[in-house]
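Q: Below are the structure tokens for one structure; questions will follow.
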There are 2 protein chains.
Amino acid sequence: MKKSIGAKTFLYPMPVFIVGTYDEQKKPNIATVAWGGICCSKPPCLNVCLRQATYTYGNLMARKAFTVNIPSETHVKESDYVGIASGRDTDKFAVAGLTPVASDLVDAPYIQEFPMVLECKVSHVLEIGLHTLFVGEILDIKVDEACLTENGKPDITKIKPFSFAMDSQAYYGTGPYLAPAFAIGKELKK
Amino acid sequence: MKKSIGAKTFLYPMPVFIVGTYDEQKKPNIATVAWGGICCSKPPCLNVCLRQATYTYGNLMARKAFTVNIPSETHVKESDYVGIASGRDTDKFAVAGLTPVASDLVDAPYIQEFPMVLECKVSHVLEIGLHTLFVGEILDIKVDEACLTENGKPDITKIKPFSFAMDSQAYYGTGPYLAPAFAIGKELKK
């Protein structure tokens, strides 16, 4: 039996993306974003959503560029910190002990210590309500060599991404392999 | 050392949403979508992204309503099947052994057997490229009573959502509890 819990923003899984931008003085900034995901395959695009009041919103509107950095389980403390401090009055890279690297493709910094980064150029801006949705065209993905498969693809078991559970306000790791996609479902087609 | 792997659509974690819609004849349909997420808190909204060629795209454009159903680990086979068959020539509910329930709030069906559903009304349509992004205002969330905490919130450890790893084309479960959000990061503030 299903019970109504009202109009809320619970959803599973919810990601933990660290968005890298430069401010007006080119100070590198990072902010945690749980609202976003891939949104187009051709051109490859992702979206992140931000409140107008955030420092990253202003940076994004001015620079039209950002990176999305994927943290490993070992970066849970840094990822959480980046979501509770503001770049207006803090150098979050310095406090978190992280190293900004200038992207060679977009006007934004990425995090050296994180295993994977997507470099994006803002292509669409959609104001929805309290949040604004930014679509970024993915110009490149860079992955730590140690986190690649033999075939040169990212390896989820080496990247060890985690997710955010809004219900309990907690972070959860990636669980065990369950089944092959585009394959296990064929059993029902017979 | 990071290695460039090109402009692709890899991202972690990637969700597995089952989108419920009605077609012109009011036949209930479901489709698997990995591209989407929460996109606004006020009003509460989520987005899903679809190719124009899909059956669900036409249903969404006509009905302006949909549900997002969150599967449990036990529904991995059904969720995969729903992503590889088309509603044009199949009754996917019937083949997957799932039961459509008419939403009382929006013109769309949801899946009785899945633990959680978000009922949405399309508020924005953004054409990006091969994919179109649909923003849906969340009018209500319904959760199986057995998957709620004592405080009436969804419980990730009971819902047992899973994610899609595009690299290896596989499904992965939810992993262990790692740390409290908006808390563990404070240790870096000192």
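So you can find residues: chains in the structure tokens are A, B, ... in the order shown, residues in each start at 1, and ligands are numbered from 1 in order.
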Going by DSSP on the backbone, which residues of chain B come out as strand (DSSP E or B)? List them as an MDAnalysis selection string.
A: chainID B and resid 2:6 15 17:22 28:33 36:41 44:51 65:70 100:102 109:111 116:127 131:144 148 154 163:165 170:180
Q: Could you go through region 111-187 of chain B and tell me which residues DSSP, when run on the backbone, assigns to helix (DSSP H, G or I), listing them as number ranges by chain?
A: B: 145-147, 156-159, 184-187
Q: Residues of the last selection are to be written out with N, CA and C atoms, as a CSV table (one decimal), in the first residue's frame.
A:
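In the end it all went to part-v7.csv:
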```csv
chain,number,residue,atom,x,y,z
B,145,GLU,N,4.4,1.8,2.2
B,145,GLU,CA,4.5,2.0,3.6
B,145,GLU,C,5.6,1.3,4.3
B,146,ALA,N,5.9,0.1,3.7
B,146,ALA,CA,7.0,-0.7,4.2
B,146,ALA,C,8.4,-0.1,3.9
B,147,CYS,N,8.4,0.9,3.1
B,147,CYS,CA,9.7,1.6,2.7
B,147,CYS,C,9.9,3.0,3.3
B,156,ILE,N,16.2,4.8,2.2
B,156,ILE,CA,17.0,4.3,1.1
B,156,ILE,C,17.4,2.8,1.3
B,157,THR,N,17.5,2.4,2.6
B,157,THR,CA,17.9,1.1,2.9
B,157,THR,C,16.8,0.1,2.7
B,158,LYS,N,15.6,0.6,2.6
B,158,LYS,CA,14.4,-0.3,2.3
B,158,LYS,C,14.0,-0.2,0.8
B,159,ILE,N,14.2,1.0,0.2
B,159,ILE,CA,13.8,1.1,-1.2
B,159,ILE,C,14.9,0.4,-2.0
B,184,ILE,N,29.9,16.0,8.1
B,184,ILE,CA,31.3,15.5,8.1
B,184,ILE,C,32.3,16.6,7.6
B,185,GLY,N,31.8,17.4,6.7
B,185,GLY,CA,32.6,18.5,6.1
B,185,GLY,C,33.0,19.6,7.1
B,186,LYS,N,32.2,19.7,8.2
B,186,LYS,CA,32.5,20.7,9.2
B,186,LYS,C,33.9,20.5,9.8
B,187,GLU,N,34.3,19.3,9.8
B,187,GLU,CA,35.7,19.0,10.4
B,187,GLU,C,36.8,19.8,9.7
```
Q: Fewer than 3 positions away in the same chain doesn't count, so skip those; otherwise give me all residues within 7 Å of Gly87 (chain A), counting only C-alpha atoms, as a ChimeraX atom specification.
A: /A:29,55,90-92
Q: Could you write those residues out with N, CA, C and O atoms, as a tab-separated table (two decimals), in the first residue's frame?
A:
```
chain	number	residue	atom	x	y	z
A	29	ASN	N	36.76	28.28	-7.82
A	29	ASN	CA	35.76	27.94	-6.81
A	29	ASN	C	35.16	26.57	-7.11
A	29	ASN	O	35.11	26.15	-8.27
A	55	TYR	N	27.22	31.57	-5.22
A	55	TYR	CA	28.38	32.18	-5.85
A	55	TYR	C	28.62	31.55	-7.23
A	55	TYR	O	28.96	32.24	-8.20
A	90	THR	N	35.56	32.42	1.18
A	90	THR	CA	36.50	31.32	1.47
A	90	THR	C	37.18	30.86	0.18
A	90	THR	O	36.56	30.87	-0.89
A	91	ASP	N	38.41	30.42	0.32
A	91	ASP	CA	39.08	29.70	-0.76
A	91	ASP	C	38.87	28.21	-0.47
A	91	ASP	O	39.64	27.60	0.28
A	92	LYS	N	37.80	27.67	-1.03
A	92	LYS	CA	37.42	26.30	-0.68
A	92	LYS	C	38.46	25.27	-1.12
A	92	LYS	O	38.66	24.27	-0.45
```
Q: Just the residues within 10 Å of Leu126 (chain B), please, counting only C-alpha atoms, with nothing from its chain fewer than 5 positions along; format it as number ranges by chain.
A: A: 124-126; B: 49, 131-135
Q: Between CA of Pro115 (chain B) and CA of Thr21 (chain B), what is the distance in Å, rounded to a tenth?
A: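 Answer for the CA of Pro115 (chain B) to CA of Thr21 (chain B) separation: 17.8 Å.
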Q: Tell me, in Å to one decimal, how far CA of Phe17 (chain A) is from CA of Asp144 (chain A).
A: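 Computed distance, CA of Phe17 (chain A) to CA of Asp144 (chain A), equals 16.8 Å.
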Q: Between CA of Lys121 (chain B) and CA of Val48 (chain B), what is the distance, to one decimal in Å?
A: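 Value for the CA of Lys121 (chain B)-CA of Val48 (chain B) distance: 11.9 Å.
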Q: What's around Phe114 (chain A) at 12 Å? Count only C-alpha atoms, leave out sequence neighbours fewer than 3 positions away in its own chain, and write the answer as a VMD selection string.
A: (chain A and resid 17 to 20 67 to 76 78 to 79 97 to 101 110 to 111 117 to 118 142 to 147 158 to 161) or (chain B and resid 1 to 2)
Q: Restricting the output to N, CA and C atoms, write the selected residues as an mmCIF file, in the first residue's frame.
A:
```
data_model
loop_
_atom_site.group_PDB
_atom_site.id
_atom_site.type_symbol
_atom_site.label_atom_id
_atom_site.label_comp_id
_atom_site.auth_asym_id
_atom_site.auth_seq_id
_atom_site.Cartn_x
_atom_site.Cartn_y
_atom_site.Cartn_z
ATOM 1 N N PHE A 17 27.902 15.974 -7.373
ATOM 2 C CA PHE A 17 28.794 16.575 -8.369
ATOM 3 C C PHE A 17 29.475 17.784 -7.743
ATOM 4 N N ILE A 18 30.765 17.948 -8.014
ATOM 5 C CA ILE A 18 31.453 19.145 -7.544
ATOM 6 C C ILE A 18 31.718 20.029 -8.774
ATOM 7 N N VAL A 19 31.052 21.181 -8.789
ATOM 8 C CA VAL A 19 31.104 22.070 -9.954
ATOM 9 C C VAL A 19 32.227 23.095 -9.777
ATOM 10 N N GLY A 20 33.137 23.129 -10.734
ATOM 11 C CA GLY A 20 34.265 24.064 -10.691
ATOM 12 C C GLY A 20 34.044 25.257 -11.615
ATOM 13 N N THR A 67 33.254 22.920 -14.816
ATOM 14 C CA THR A 67 33.639 21.507 -14.830
ATOM 15 C C THR A 67 32.744 20.767 -13.837
ATOM 16 N N VAL A 68 32.529 19.479 -14.093
ATOM 17 C CA VAL A 68 31.840 18.628 -13.124
ATOM 18 C C VAL A 68 32.848 17.569 -12.695
ATOM 19 N N ASN A 69 33.201 17.625 -11.417
ATOM 20 C CA ASN A 69 34.195 16.716 -10.869
ATOM 21 C C ASN A 69 33.496 15.609 -10.090
ATOM 22 N N ILE A 70 33.882 14.366 -10.356
ATOM 23 C CA ILE A 70 33.268 13.210 -9.690
ATOM 24 C C ILE A 70 34.183 12.760 -8.556
ATOM 25 N N PRO A 71 33.691 12.849 -7.314
ATOM 26 C CA PRO A 71 34.520 12.425 -6.175
ATOM 27 C C PRO A 71 34.486 10.921 -5.962
ATOM 28 N N SER A 72 35.554 10.402 -5.365
ATOM 29 C CA SER A 72 35.595 9.018 -4.884
ATOM 30 C C SER A 72 35.120 8.981 -3.441
ATOM 31 N N GLU A 73 34.830 7.781 -2.965
ATOM 32 C CA GLU A 73 34.441 7.599 -1.554
ATOM 33 C C GLU A 73 35.438 8.261 -0.597
ATOM 34 N N THR A 74 36.694 8.249 -0.964
ATOM 35 C CA THR A 74 37.719 8.833 -0.087
ATOM 36 C C THR A 74 37.609 10.357 0.008
ATOM 37 N N HIS A 75 36.787 10.972 -0.859
ATOM 38 C CA HIS A 75 36.658 12.435 -0.854
ATOM 39 C C HIS A 75 35.335 12.897 -0.254
ATOM 40 N N VAL A 76 34.720 12.060 0.559
ATOM 41 C CA VAL A 76 33.387 12.415 1.063
ATOM 42 C C VAL A 76 33.446 13.653 1.965
ATOM 43 N N GLU A 78 35.677 16.204 1.929
ATOM 44 C CA GLU A 78 35.922 17.385 1.105
ATOM 45 C C GLU A 78 34.659 17.764 0.317
ATOM 46 N N SER A 79 33.968 16.757 -0.207
ATOM 47 C CA SER A 79 32.766 17.019 -1.012
ATOM 48 C C SER A 79 31.666 17.640 -0.152
ATOM 49 N N GLY A 97 42.160 21.351 0.936
ATOM 50 C CA GLY A 97 43.417 20.710 0.558
ATOM 51 C C GLY A 97 43.389 20.142 -0.848
ATOM 52 N N LEU A 98 42.650 20.811 -1.731
ATOM 53 C CA LEU A 98 42.536 20.348 -3.117
ATOM 54 C C LEU A 98 43.272 21.298 -4.058
ATOM 55 N N THR A 99 43.664 20.778 -5.214
ATOM 56 C CA THR A 99 44.480 21.540 -6.149
ATOM 57 C C THR A 99 43.704 21.897 -7.404
ATOM 58 N N PRO A 100 43.553 23.209 -7.687
ATOM 59 C CA PRO A 100 42.869 23.591 -8.934
ATOM 60 C C PRO A 100 43.791 23.462 -10.138
ATOM 61 N N VAL A 101 43.268 22.892 -11.208
ATOM 62 C CA VAL A 101 44.005 22.790 -12.474
ATOM 63 C C VAL A 101 43.172 23.505 -13.534
ATOM 64 N N TYR A 110 39.490 22.504 -12.686
ATOM 65 C CA TYR A 110 39.029 21.212 -12.178
ATOM 66 C C TYR A 110 39.902 20.764 -11.013
ATOM 67 N N ILE A 111 39.496 19.680 -10.374
ATOM 68 C CA ILE A 111 40.156 19.222 -9.145
ATOM 69 C C ILE A 111 41.141 18.111 -9.473
ATOM 70 N N VAL A 117 36.740 14.192 -14.438
ATOM 71 C CA VAL A 117 36.190 15.531 -14.642
ATOM 72 C C VAL A 117 35.590 15.647 -16.042
ATOM 73 N N LEU A 118 34.461 16.335 -16.119
ATOM 74 C CA LEU A 118 33.815 16.640 -17.397
ATOM 75 C C LEU A 118 33.927 18.139 -17.613
ATOM 76 N N LYS A 142 38.116 13.805 -18.623
ATOM 77 C CA LYS A 142 39.467 13.368 -18.266
ATOM 78 C C LYS A 142 39.373 12.475 -17.026
ATOM 79 N N VAL A 143 40.060 11.345 -17.095
ATOM 80 C CA VAL A 143 39.972 10.343 -16.034
ATOM 81 C C VAL A 143 41.382 9.949 -15.601
ATOM 82 N N ASP A 144 41.564 9.752 -14.294
ATOM 83 C CA ASP A 144 42.856 9.260 -13.809
ATOM 84 C C ASP A 144 43.157 7.928 -14.494
ATOM 85 N N GLU A 145 44.357 7.780 -14.969
ATOM 86 C CA GLU A 145 44.710 6.548 -15.698
ATOM 87 C C GLU A 145 44.471 5.304 -14.866
ATOM 88 N N ALA A 146 44.655 5.445 -13.550
ATOM 89 C CA ALA A 146 44.456 4.301 -12.644
ATOM 90 C C ALA A 146 42.984 3.898 -12.533
ATOM 91 N N CYS A 147 42.073 4.759 -13.030
ATOM 92 C CA CYS A 147 40.633 4.476 -12.932
ATOM 93 C C CYS A 147 40.026 4.072 -14.269
ATOM 94 N N LYS A 158 36.695 1.325 -9.809
ATOM 95 C CA LYS A 158 37.923 2.032 -9.401
ATOM 96 C C LYS A 158 37.618 3.484 -9.035
ATOM 97 N N ILE A 159 36.664 4.092 -9.727
ATOM 98 C CA ILE A 159 36.280 5.480 -9.414
ATOM 99 C C ILE A 159 35.584 5.537 -8.055
ATOM 100 N N LYS A 160 34.801 4.531 -7.728
ATOM 101 C CA LYS A 160 34.076 4.453 -6.457
ATOM 102 C C LYS A 160 33.270 5.718 -6.165
ATOM 103 N N PRO A 161 32.336 6.074 -7.062
ATOM 104 C CA PRO A 161 31.502 7.247 -6.819
ATOM 105 C C PRO A 161 30.519 6.968 -5.683
ATOM 106 N N MET B 1 47.785 11.015 -12.960
ATOM 107 C CA MET B 1 47.767 11.660 -14.282
ATOM 108 C C MET B 1 46.436 11.373 -14.978
ATOM 109 N N LYS B 2 45.810 12.453 -15.467
ATOM 110 C CA LYS B 2 44.517 12.267 -16.119
ATOM 111 C C LYS B 2 44.671 12.084 -17.629
#
```
Q: Closest to Met14 (chain B) among A:Thr174, A:Glu113, A:Ala179, A:Ala53, using only C-alpha atoms?
A: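 With only C-alpha atoms as the atom set, the closest residue is A:Thr174.
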Q: Can you tell me which residues surround Tyr177 (chain A) at a distance of at most 10 Å, considering only C-alpha atoms, apart from same-chain residues fewer than 5 positions away, and format the answer as a PDB file with C-alpha atoms, in the first residue's frame?
A:
```
ATOM      1  CA  THR A 157      34.756  -0.082  -9.394  1.00  0.00           C
TER       2      THR A 157
ATOM      3  CA  PHE B 162      20.177   0.891  -8.065  1.00  0.00           C
ATOM      4  CA  SER B 163      22.181   2.761 -10.671  1.00  0.00           C
ATOM      5  CA  PHE B 164      23.367   2.245 -14.238  1.00  0.00           C
ATOM      6  CA  ALA B 165      27.076   2.162 -15.071  1.00  0.00           C
ATOM      7  CA  ALA B 170      25.727  -2.869 -15.931  1.00  0.00           C
ATOM      8  CA  TYR B 171      23.528  -2.198 -12.920  1.00  0.00           C
ATOM      9  CA  TYR B 172      24.962  -1.648  -9.438  1.00  0.00           C
ATOM     10  CA  GLY B 173      23.187  -1.651  -6.090  1.00  0.00           C
ATOM     11  CA  THR B 174      23.311   0.966  -3.363  1.00  0.00           C
TER      12      THR B 174
END
```
Q: Between A:Asp89, A:Asp104, A:Glu127, A:Asp140, single out the one closest to chain B, counting only C-alpha atoms.
A: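 Result for the nearest residue to chain B: A:Asp140.
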